[in-house]
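Notes for the one structure printed next.
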2 protein chains.
Amino acid sequence: MNRPDAAEECAERTRVRDREATRQRILDSARELFTTEGYERVSSRLIAARAGVNVALINRYFGAKRGLLAEVIAEEAVFPGMFDGDPGTLPRRLAEYMVDQVLREPSPLRRALEQSRADPDLQAVYQERLRDAILEPMARHIGGPDARARASVAVGVVLGLGVLRRVEGATALRDSDRAALVARLESVFVDCLRE
Amino acid sequence: MNRPDAAEECAERTRVRDREATRQRILDSARELFTTEGYERVSSRLIAARAGVNVALINRYFGAKRGLLAEVIAEEAVFPGMFDGDPGTLPRRLAEYMVDQVLREPSPLRRALEQSRADPDLQAVYQERLRDAILEPMARHIGGPDARARASVAVGVVLGLGVLRRVEGATALRDSDRAALVARLESVFVDCLRE
DNA sequence: CTTGACAAGTCAACACTGTTTACTTATACC
DNA sequence: GGTATAAGTAAACAGTGTTGACTTGTCAAG
């Protein structure tokens with residue numbers, strides 16, 4: 001049916017049986033769909049169809065649909081380069097990062113991932129990511145006493161503004177003066193992080 | 001089968017056909033299950049079974065499952081009495097509220113509802129609730145220029161600490177000194193809200 | 001070159017979800 | 001007392017994630 005001629009299948013020969021290539025196809029399809037549609041809106045069958053593979057391969061290669069999301073999350077960078085510079089300028093850099101994330105549309109993947117936090121099975125994935133990629137690096141970066149507690153408050157602000165932007169749109173913040181908002185957030189982060 | 005005798009059914013007579021009572025039974029069952037299990041973990045059929053009614057009645061009375069959650073959310077108070085007192089003491093009261101919400105286990109319903117934010121169809125419900133029950137009251141309460149923007153930042157902090165507590169457990173914050181944490185958050189909220 | 005083993009890929013089913021439609025039945029009013 | 005109307009029911013629909021048995025391509029050893 002879909003193979004009208006055995007000789008014609010050379011046109012399909014670009015896709016030989018290749019575990020790694022197939023895995024990557026699925027992963028690419030998932031990332032694209034999660035990005036544009038969000039985790040819960042995308043079905044396994046759609047991901048598989050878009051990747052041109054069989055549905056069962058998702059579970060074969062990733063255990064389950066959530067394994068796909070876990071992998072997509074794992075390969076996404078958070079706060080790129082934020083914890084490298086001078087710790088004294090971290091509040092300012094955080095403030096600018098937040099404003100530029102709040103004011104402009106957030107990255108589609110970030111948006112999709114934030115929409116996918118409810119899946120109970122994903123809780124562990126998010127927890128690990130939050131701790132290892134954000135909380136701990138920030139705590140190490142600022143140093144001093146109670147570094148983790150101080151970092152936690154700052155991270156709380158970051159997360160909260162993200163939620164506000166997603167749920168309510170953060171319209172009031174997007175309409176306000178950028179410099180004033182950066183200054184306000186900077187002093188907020190200073191309070192969060194000071195010893 | 002479940003009616004072995006027509007005369008015996010008088011034992012079941014406590015439940016006559018009563019629209020309002022049935023509606024309430026479903027609502028109670030849903031609130032209890034959403035509270036203990038979370039929205040997505042609870043199926044319509046389970047809610048109906050627990051309420052002792054037919055599944056189809058959920059859609060008859062609430063349109064859809066999400067209508068049930070919307071109603072549960074609507075009847076739940078948020079920030080009780082927070083926007084009544086002196087606006088000058090709002091940062092302190094917010095800080096204490098957050099610490100006592102972060103340190104102790106949050107109300108099960110609040111926890112369940114926070115876990116249910118991913119459902120795309122619920123977005124509008126949460127948005128309306130956030131604006132009408134939190135953002136606008138707080139903006140009115142603090143007054144002054146850019147009240148909505150200032151309130152938005154404070155609400156962002158509130159939301160973020162909730163997310164942090166739910167995802168990561170906010171262990172570092174729960175282990176830190178209560179008075180110090182209240183003081184830190186108070187100054188954070190002062191920064192958020194000051195003109 | 002042929003054969004066999006193993007991995008890659010497929011298919012159909014399972015158990016579940018929320019929702020709808022057509023149906024039955026109890027209640028209250030004329 | 002009969003009947004319209006609402007309350008309640010049963011069964012199906014279309015969809016989900018997931019699984020196990022199956023087929024088939026690939027590659028190495030005989």
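Ordering of the structure tokens sets the chain letters (A, B, ...); residue numbers start at 1 within each chain; ligands are numbered from 1 in the order shown.
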
Within 10 Å of chain B, which residues of chain D show up when using only C-alpha atoms (C1' of nucleotides), listed as an NGL selection string? :D and (6-10)

Residues from last step as file, all heavy atoms, as a CSV table (one decimal), in the first residue's frame:
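File result_35.csv, as written:
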chain,number,residue,atom,x,y,z
D,6,DA,P,-38.6,22.1,32.5
D,6,DA,OP1,-38.9,23.6,32.7
D,6,DA,OP2,-38.1,21.6,31.2
D,6,DA,O5',-37.6,21.7,33.7
D,6,DA,C5',-38.0,21.6,35.0
D,6,DA,C4',-37.6,20.3,35.6
D,6,DA,O4',-38.2,19.2,34.8
D,6,DA,C3',-36.1,20.0,35.5
D,6,DA,O3',-35.5,20.1,36.8
D,6,DA,C2',-35.9,18.6,34.9
D,6,DA,C1',-37.3,18.1,34.9
D,6,DA,N9,-37.6,17.2,33.7
D,6,DA,C8,-37.7,17.6,32.4
D,6,DA,N7,-37.9,16.6,31.6
D,6,DA,C5,-38.0,15.5,32.5
D,6,DA,C6,-38.3,14.1,32.2
D,6,DA,N6,-38.5,13.6,31.0
D,6,DA,N1,-38.3,13.3,33.3
D,6,DA,C2,-38.1,13.8,34.5
D,6,DA,N3,-37.8,15.1,34.9
D,6,DA,C4,-37.8,15.9,33.8
D,7,DA,P,-34.0,19.7,37.1
D,7,DA,OP1,-33.6,20.4,38.4
D,7,DA,OP2,-33.2,20.0,35.9
D,7,DA,O5',-34.1,18.2,37.4
D,7,DA,C5',-34.8,17.7,38.5
D,7,DA,C4',-34.5,16.3,38.8
D,7,DA,O4',-35.0,15.5,37.7
D,7,DA,C3',-33.0,16.0,38.9
D,7,DA,O3',-32.8,15.0,40.0
D,7,DA,C2',-32.6,15.4,37.6
D,7,DA,C1',-33.9,14.7,37.1
D,7,DA,N9,-34.1,14.7,35.7
D,7,DA,C8,-33.9,15.8,34.8
D,7,DA,N7,-34.2,15.5,33.5
D,7,DA,C5,-34.6,14.2,33.6
D,7,DA,C6,-35.0,13.3,32.6
D,7,DA,N6,-35.1,13.6,31.3
D,7,DA,N1,-35.3,12.0,32.9
D,7,DA,C2,-35.2,11.7,34.2
D,7,DA,N3,-34.8,12.4,35.3
D,7,DA,C4,-34.5,13.7,34.9
D,8,DG,P,-31.4,14.6,40.4
D,8,DG,OP1,-31.4,14.2,41.8
D,8,DG,OP2,-30.4,15.6,39.8
D,8,DG,O5',-31.2,13.2,39.5
D,8,DG,C5',-32.1,12.2,39.8
D,8,DG,C4',-31.8,11.1,38.7
D,8,DG,O4',-32.2,11.6,37.4
D,8,DG,C3',-30.4,10.6,38.6
D,8,DG,O3',-30.4,9.2,38.9
D,8,DG,C2',-30.0,10.9,37.2
D,8,DG,C1',-31.4,10.9,36.5
D,8,DG,N9,-31.4,11.7,35.3
D,8,DG,C8,-31.1,13.1,35.1
D,8,DG,N7,-31.2,13.5,33.9
D,8,DG,C5,-31.6,12.3,33.2
D,8,DG,C6,-31.9,12.2,31.8
D,8,DG,O6,-31.8,13.0,30.9
D,8,DG,N1,-32.2,10.9,31.5
D,8,DG,C2,-32.3,9.8,32.4
D,8,DG,N2,-32.7,8.7,31.9
D,8,DG,N3,-32.1,10.0,33.7
D,8,DG,C4,-31.7,11.3,34.0
D,9,DT,P,-29.0,8.4,38.8
D,9,DT,OP1,-29.1,7.3,39.9
D,9,DT,OP2,-27.9,9.3,38.8
D,9,DT,O5',-29.1,7.7,37.4
D,9,DT,C5',-30.2,6.8,37.1
D,9,DT,C4',-30.1,6.3,35.7
D,9,DT,O4',-30.2,7.4,34.8
D,9,DT,C3',-28.7,5.6,35.5
D,9,DT,O3',-29.0,4.2,35.3
D,9,DT,C2',-28.2,6.3,34.2
D,9,DT,C1',-29.4,7.0,33.7
D,9,DT,N1,-29.1,8.3,33.0
D,9,DT,C2,-29.2,8.4,31.6
D,9,DT,O2,-29.6,7.4,30.9
D,9,DT,N3,-29.0,9.6,31.1
D,9,DT,C4,-28.6,10.8,31.7
D,9,DT,O4,-28.3,11.8,31.1
D,9,DT,C5,-28.4,10.6,33.2
D,9,DT,C7,-28.0,11.8,34.0
D,9,DT,C6,-28.7,9.4,33.7
D,10,DA,P,-27.8,3.1,35.3
D,10,DA,OP1,-28.4,1.9,36.0
D,10,DA,OP2,-26.6,3.8,35.9
D,10,DA,O5',-27.6,2.8,33.8
D,10,DA,C5',-28.7,2.6,33.0
D,10,DA,C4',-28.3,2.5,31.5
D,10,DA,O4',-28.1,3.9,31.0
D,10,DA,C3',-26.9,1.8,31.3
D,10,DA,O3',-27.1,0.8,30.3
D,10,DA,C2',-26.0,2.9,30.9
D,10,DA,C1',-26.9,4.0,30.3
D,10,DA,N9,-26.5,5.4,30.5
D,10,DA,C8,-25.9,5.9,31.6
D,10,DA,N7,-25.6,7.2,31.5
D,10,DA,C5,-26.0,7.5,30.2
D,10,DA,C6,-25.9,8.7,29.5
D,10,DA,N6,-25.4,9.8,30.0
D,10,DA,N1,-26.3,8.7,28.3
D,10,DA,C2,-26.8,7.5,27.8
D,10,DA,N3,-27.0,6.3,28.3
D,10,DA,C4,-26.5,6.4,29.6

I need the chain B residues near chain A as a VMD selection string; criterion: at most 9 Å, counting only C-alpha atoms. chain B and resid 40 to 41 114 to 120 123 to 124 126 to 128 130 to 131 146 to 165 167 to 176 181 184 to 185 187 to 192 194

Tell me which protein, DNA and RNA residues are within 12 Å of DA12 in chain D, counting only C-alpha atoms (C1' of nucleotides), leaving out same-chain ones fewer than 6 positions away, and put them as an MDAnalysis selection string. chainID C and resid 19:22

Hey, can you spit out that residue selection with N, CA, C and O atoms (P, O5', C5', C4', C3', O3' and C1' of nucleotides) as an mmCIF file, in the first residue's frame?
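Wrote it out as selection-v4.cif, contents follow:
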data_model
loop_
_atom_site.group_PDB
_atom_site.id
_atom_site.type_symbol
_atom_site.label_atom_id
_atom_site.label_comp_id
_atom_site.auth_asym_id
_atom_site.auth_seq_id
_atom_site.Cartn_x
_atom_site.Cartn_y
_atom_site.Cartn_z
ATOM 1 P P DT C 19 -15.200 17.720 30.112
ATOM 2 O "O5'" DT C 19 -16.170 17.034 29.055
ATOM 3 C "C5'" DT C 19 -15.743 16.954 27.684
ATOM 4 C "C4'" DT C 19 -16.809 16.250 26.862
ATOM 5 C "C3'" DT C 19 -18.225 16.791 27.067
ATOM 6 O "O3'" DT C 19 -18.663 17.389 25.845
ATOM 7 C "C1'" DT C 19 -18.171 14.405 27.018
ATOM 8 P P DT C 20 -20.079 18.078 25.747
ATOM 9 O "O5'" DT C 20 -20.933 16.930 25.069
ATOM 10 C "C5'" DT C 20 -20.442 16.312 23.886
ATOM 11 C "C4'" DT C 20 -21.428 15.278 23.365
ATOM 12 C "C3'" DT C 20 -22.899 15.720 23.385
ATOM 13 O "O3'" DT C 20 -23.480 15.336 22.150
ATOM 14 C "C1'" DT C 20 -22.670 13.683 24.541
ATOM 15 P P DT C 21 -24.831 16.046 21.623
ATOM 16 O "O5'" DT C 21 -25.729 14.820 21.185
ATOM 17 C "C5'" DT C 21 -25.128 13.622 20.712
ATOM 18 C "C4'" DT C 21 -25.983 12.424 21.056
ATOM 19 C "C3'" DT C 21 -27.484 12.735 21.054
ATOM 20 O "O3'" DT C 21 -28.129 11.869 20.138
ATOM 21 C "C1'" DT C 21 -26.848 11.565 23.032
ATOM 22 P P DA C 22 -29.678 12.157 19.721
ATOM 23 O "O5'" DA C 22 -30.386 10.885 20.373
ATOM 24 C "C5'" DA C 22 -29.796 9.598 20.211
ATOM 25 C "C4'" DA C 22 -30.341 8.646 21.281
ATOM 26 C "C3'" DA C 22 -31.870 8.648 21.382
ATOM 27 O "O3'" DA C 22 -32.326 7.301 21.473
ATOM 28 C "C1'" DA C 22 -30.913 9.100 23.499
#

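Residue nearest Ala64 in chain A within the list D:DT23, D:DT18, D:DG2, D:DC13: D:DT18 [criterion: smallest interatomic distance, only C-alpha atoms (C1' of nucleotides)].
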
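With distances restricted to only C-alpha atoms (C1' of nucleotides), D:DA4 is the closest residue to DT27 in chain C from D:DC27, D:DC22, D:DA4, D:DT16.
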
Could you build a table of the residues in chain C lying no more than 12 Å from chain A, giving for each the nearest pair of atoms and their separation in Å rounded to one decimal place, using only C-alpha atoms (C1' of nucleotides), ordered by chain and ascending residue number, as a tab-separated table?
residue	atom	partner	partner_atom	distance
C:DA7	C1'	A:Arg19	CA	9.1
C:DA8	C1'	A:Arg17	CA	6.2
C:DG9	C1'	A:Asn54	CA	7.3
C:DT10	C1'	A:Asn54	CA	7.0
C:DC11	C1'	A:Asn54	CA	9.6
C:DA12	C1'	A:Ala56	CA	11.5

Residues as selected, N, CA, C and O atoms (P, O5', C5', C4', C3', O3' and C1' of nucleotides), written as a PDB file, in the first residue's frame, can you do that?
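The result, stored in result.pdb:
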ATOM      1  P    DA C   7      20.025  -6.700  21.239  1.00  0.00           P
ATOM      2  O5'  DA C   7      19.858  -5.232  20.654  1.00  0.00           O
ATOM      3  C5'  DA C   7      20.686  -4.786  19.599  1.00  0.00           C
ATOM      4  C4'  DA C   7      19.841  -4.234  18.462  1.00  0.00           C
ATOM      5  C3'  DA C   7      18.827  -3.181  18.905  1.00  0.00           C
ATOM      6  O3'  DA C   7      19.120  -1.967  18.238  1.00  0.00           O
ATOM      7  C1'  DA C   7      17.838  -4.801  17.454  1.00  0.00           C
ATOM      8  P    DA C   8      18.243  -0.671  18.491  1.00  0.00           P
ATOM      9  O5'  DA C   8      17.249  -0.705  17.265  1.00  0.00           O
ATOM     10  C5'  DA C   8      17.774  -0.687  15.953  1.00  0.00           C
ATOM     11  C4'  DA C   8      16.654  -0.538  14.942  1.00  0.00           C
ATOM     12  C3'  DA C   8      15.655   0.574  15.275  1.00  0.00           C
ATOM     13  O3'  DA C   8      15.326   1.265  14.074  1.00  0.00           O
ATOM     14  C1'  DA C   8      14.528  -1.509  15.157  1.00  0.00           C
ATOM     15  P    DG C   9      14.293   2.479  14.143  1.00  0.00           P
ATOM     16  O5'  DG C   9      12.922   1.770  13.794  1.00  0.00           O
ATOM     17  C5'  DG C   9      12.777   1.117  12.546  1.00  0.00           C
ATOM     18  C4'  DG C   9      11.445   0.400  12.496  1.00  0.00           C
ATOM     19  C3'  DG C   9      10.216   1.274  12.804  1.00  0.00           C
ATOM     20  O3'  DG C   9       9.338   1.237  11.692  1.00  0.00           O
ATOM     21  C1'  DG C   9      10.122  -0.777  13.959  1.00  0.00           C
ATOM     22  P    DT C  10       7.976   1.970  11.695  1.00  0.00           P
ATOM     23  O5'  DT C  10       6.949   0.809  12.018  1.00  0.00           O
ATOM     24  C5'  DT C  10       6.807  -0.266  11.099  1.00  0.00           C
ATOM     25  C4'  DT C  10       5.766  -1.244  11.617  1.00  0.00           C
ATOM     26  C3'  DT C  10       4.376  -0.639  11.834  1.00  0.00           C
ATOM     27  O3'  DT C  10       3.480  -1.319  10.984  1.00  0.00           O
ATOM     28  C1'  DT C  10       5.031  -1.986  13.685  1.00  0.00           C
ATOM     29  P    DC C  11       2.104  -0.628  10.551  1.00  0.00           P
ATOM     30  O5'  DC C  11       1.082  -1.512  11.378  1.00  0.00           O
ATOM     31  C5'  DC C  11       1.330  -2.912  11.503  1.00  0.00           C
ATOM     32  C4'  DC C  11       0.492  -3.489  12.632  1.00  0.00           C
ATOM     33  C3'  DC C  11      -0.832  -2.764  12.850  1.00  0.00           C
ATOM     34  O3'  DC C  11      -1.880  -3.682  12.583  1.00  0.00           O
ATOM     35  C1'  DC C  11       0.330  -3.141  14.917  1.00  0.00           C
ATOM     36  P    DA C  12      -3.409  -3.203  12.557  1.00  0.00           P
ATOM     37  O5'  DA C  12      -3.939  -3.833  13.931  1.00  0.00           O
ATOM     38  C5'  DA C  12      -3.414  -5.079  14.362  1.00  0.00           C
ATOM     39  C4'  DA C  12      -3.773  -5.319  15.818  1.00  0.00           C
ATOM     40  C3'  DA C  12      -5.157  -4.820  16.215  1.00  0.00           C
ATOM     41  O3'  DA C  12      -5.740  -5.753  17.097  1.00  0.00           O
ATOM     42  C1'  DA C  12      -3.538  -3.795  17.576  1.00  0.00           C
TER      43       DA C  12
END
